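Structure record follows, encoded as structure tokens.
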Amino acid sequence: MFKVIDGPLEGIDLESEVRTDADGAIIVFRGVARRYSRGRDVVHLEYEAYAEMAEKVMAQIGEEIKARWPVSGVAIVHRTGVLEIGQASVAIAIAAPHRGEAFEATEYAIDRLKQIVPIWKKEVWSDGEQWIGWEHEQHQVTSDHSA
Amino acid sequence: MFKVIDGPLEGIDLESEVRTDADGAIIVFRGVARRYSRGRDVVHLEYEAYAEMAEKVMAQIGEEIKARWPVSGVAIVHRTGVLEIGQASVAIAIAAPHRGEAFEATEYAIDRLKQIVPIWKKEVWSDGEQWIGWEHEQHQVTSDHSA
Amino acid sequence: MTPAAQISVQIRLFASYREAAGTRSLEAPVSQGATVADLVELLAERIPALRTAPGLIAVNYTYVQPDFELHQGDEVAFIPPVSGG
Amino acid sequence: MTPAAQISVQIRLFASYREAAGTRSLEAPVSQGATVADLVELLAERIPALRTAPGLIAVNYTYVQPDFELHQGDEVAFIPPVSGG
């Protein structure tokens with residue numbers, strides 16, 4: 001299951017989606033909206049996705065994982081829309097016969113998702129908002145000015 | 001939450017148990033009964049615990065984790081009794097501001113549980129059964145005989 | 001020299017690009033044989049961020065290089081640095 | 001020389017030890033000042049595995065060394081190699 005969903009991820013049962021009788025370990029990773037970011041108080045987050053492509057790229061990450069680790073099942077779901085603090089933006093489930101490969105594969109899945117899946121986060125504070133992902137460029141601009 | 005439960009772990013919501021508003025990552029690890037073990041077909045598993053002490057030692061593991069990583073919440077629950085294939089024997093939930101420390105802490109929790117928590121697994125096959133944990137000694141005996 | 005035949009591609013814009021352009025999607029006519037780089041030149045007048053803050057570009061859901069040649073009906077997506085997860 | 005005063009400790013047995021002994025728990029009288037190692041000697045006649053396949057020993061829910069001295073009412077648990085998870 002590789003899906004972009006325009007609504008809450010809470011209540012979606014990914015474990016039974018990925019488990020087979022060969023598996024001894026299931027890991028579910030959830031990224032959740034947190035209160036503090038870059039020293040500011042977050043009011044809420046907004047996620048936007050290029051959904052058709054995001055699902056394709058998430059499925060590609062699933063293929064990469066299965067080529068690299070003996071993993072039975074991979075599921076990745078990401079939501080869009082407005083998220084209150086504590087709500088999950090992404091859920092990744094991995095089932096594998098042994099836990100070592102399950103941990104490695106889950107960490108790879110979230111690292112890779114953050115690199116290549118076309119989804120964007122906007123942080124909304126009480127006094128402003130910003131699309132995340134441009135920090136590096138902004139930092140460079142600041143450095144040039146202060147240099 | 002550090003508990004030994006004499007019944008199914010399915011349906012227990014550990015995420016909300018461990019999450020705080022500071023957290024951006026929640027990991028839930030489940031160990032589940034798998035069909036194949038040491039080349040044999042498992043019919044079911046039986047878990048026995050020294051429950052009073054197991055809960056104390058699991059809480060100690062929680063303290064070790066909080067001393068070592070900036071983790072907000074730790075929950076460990078382990079069940080006892082007869083487990084069918086696919087049922088969870090243990091569930092560990094960790095919430096942390098960032099995912100790196102959440103992954104490290106979760107892996108530490110299950111490694112440590114397997115080392116020091118007084119709980120025992122018996123594998124039941126169609127043609128026999130065995131308490132797990134003595135394999136090393138048995139292997140040594142076998143080696144002595146074959147040497 | 002006869003002018004090159006025109007083809008039409010579908011443009012998708014996201015996040016900061018979408019806000020800068022004021023639209024999620026538009027249709028653009030380009031010359032037959034035009035590349036992704038040519039399309040960026042064409043759109044940069046309306047959406048300067050495509051040149052001043054370049055991201056990745058996908059054609060029909062696959063990331064491509066600037067020299068990728070466009071074809072009639074292609075869906076071209078401008079992808080600012082991603083921040084999912 | 002007067003015989004040492006007797007104290008009584010509670011024994012808990014688990015997994016393979018429990019099956020070998022045919023009981024989960026029993027009460028054992030030991031001499032005042034006796035150690036965990038002394039208790040193992042005493043019980044090994046009934047449960048040889050405590051000596052032939054030794055595990056860990058906990059007194060009042062804490063792992064202890066063989067020279068740990070027992071006191072009246074202590075709960076002594078014989079812990080075969082653990083295999084939880």
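Residue numbering restarts at 1 for every chain of the structure tokens, chains are lettered A, B, ... in their displayed order, and ligands are numbered from 1 as they appear.
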
**Asked** Which polymer residues have any atom within 12 Å of an atom of Val36 of chain D, counting only C-alpha atoms, with same-chain residues fewer than 4 positions away left out, as number ranges by chain?
**Response** D: 9, 11, 28, 30-32, 40-43, 50, 56-59, 63-71, 74-78

**Request:** Return the neighbours of chain B among the residues of chain D, cut-off 7 Å, counting only C-alpha atoms, as a count of residues only.
**Result:** 9

Which residues of chain B come within 12 Å of chain A, and for each one, what is the closest pair of atoms and their distance in Å to one decimal, counting only C-alpha atoms, sorted by chain and residue number, as a tab-separated table?
residue	atom	partner	partner_atom	distance
B:Glu10	CA	A:Glu15	CA	10.2
B:Gly11	CA	A:Asp13	CA	10.2
B:Asp13	CA	A:Gly11	CA	10.1
B:Leu14	CA	A:Val28	CA	11.6
B:Glu15	CA	A:Arg30	CA	9.2
B:Ser16	CA	A:Gly86	CA	9.2
B:Val18	CA	A:Gly86	CA	11.3
B:Arg19	CA	A:Gly86	CA	7.7
B:Thr20	CA	A:Gly86	CA	7.6
B:Asp21	CA	A:Arg35	CA	5.4
B:Ala22	CA	A:Arg34	CA	5.3
B:Asp23	CA	A:Arg34	CA	5.4
B:Gly24	CA	A:Val32	CA	4.7
B:Ala25	CA	A:Gly31	CA	4.7
B:Ile26	CA	A:Arg30	CA	5.1
B:Ile27	CA	A:Phe29	CA	4.6
B:Val28	CA	A:Val28	CA	5.2
B:Phe29	CA	A:Ile27	CA	4.6
B:Arg30	CA	A:Ile26	CA	5.1
B:Gly31	CA	A:Ala25	CA	4.7
B:Val32	CA	A:Gly24	CA	4.7
B:Ala33	CA	A:Gly24	CA	5.8
B:Arg34	CA	A:Gly24	CA	5.1
B:Arg35	CA	A:Asp21	CA	5.4
B:Tyr36	CA	A:Ala22	CA	6.3
B:Ser37	CA	A:Ala22	CA	9.1
B:Gly39	CA	A:Ala22	CA	11.7
B:Arg40	CA	A:Ala22	CA	11.8
B:Asp41	CA	A:Ala22	CA	10.3
B:Val42	CA	A:Asp21	CA	10.3
B:Val43	CA	A:Asp21	CA	11.4
B:His44	CA	A:Asp21	CA	11.8
B:Glu84	CA	A:Asp21	CA	10.3
B:Ile85	CA	A:Asp21	CA	6.5
B:Gly86	CA	A:Asp21	CA	6.2
B:Gln87	CA	A:Gly24	CA	9.6
B:Ala88	CA	A:Gly24	CA	8.7
B:Ser89	CA	A:Gly24	CA	9.6
B:Val90	CA	A:Ala25	CA	9.8
B:Ala91	CA	A:Ile26	CA	9.5
B:Ile92	CA	A:Ile27	CA	9.6
B:Ala93	CA	A:Val28	CA	9.4
B:Ile94	CA	A:Phe29	CA	9.8
B:Ala95	CA	A:Arg30	CA	9.4
B:Ala96	CA	A:Arg34	CA	10.0
B:Pro97	CA	A:Arg34	CA	7.5
B:His98	CA	A:Gly31	CA	9.1
B:Arg99	CA	A:Gly31	CA	8.1
B:Gly100	CA	A:Glu107	CA	8.4
B:Glu101	CA	A:Glu107	CA	11.3
B:Ala102	CA	A:Phe29	CA	9.4
B:Phe103	CA	A:Phe103	CA	7.5
B:Glu104	CA	A:Phe103	CA	9.3
B:Ala105	CA	A:Phe103	CA	11.3
B:Thr106	CA	A:Phe103	CA	9.0
B:Glu107	CA	A:Phe103	CA	7.5
B:Tyr108	CA	A:Phe103	CA	11.2
B:Ile110	CA	A:Arg99	CA	9.2
B:Asp111	CA	A:Arg99	CA	9.8

**Request:** Would you list, as number ranges by chain, the residues of segment 8-146 of chain A that end up in helix (DSSP H, G or I) under DSSP run on this structure's backbone?
**Result:** A: 15-18, 51-68, 99-116, 135-146

**Request:** List every residue of chain B that DSSP, applied to the backbone, labels as strand (DSSP E or B), and write the result as a ChimeraX atom specification.
**Result:** /B:2-5,25-32,36-37,40-49,73-79,81-83,88-96,119-125,128-131

**Prompt:** Residues at most 6 Å from Leu13 of chain C, counting only C-alpha atoms, excluding those fewer than 3 positions away in the same chain, as a PyMOL selection string?
**Reply:** chain C and resi 17-18+24-25+78
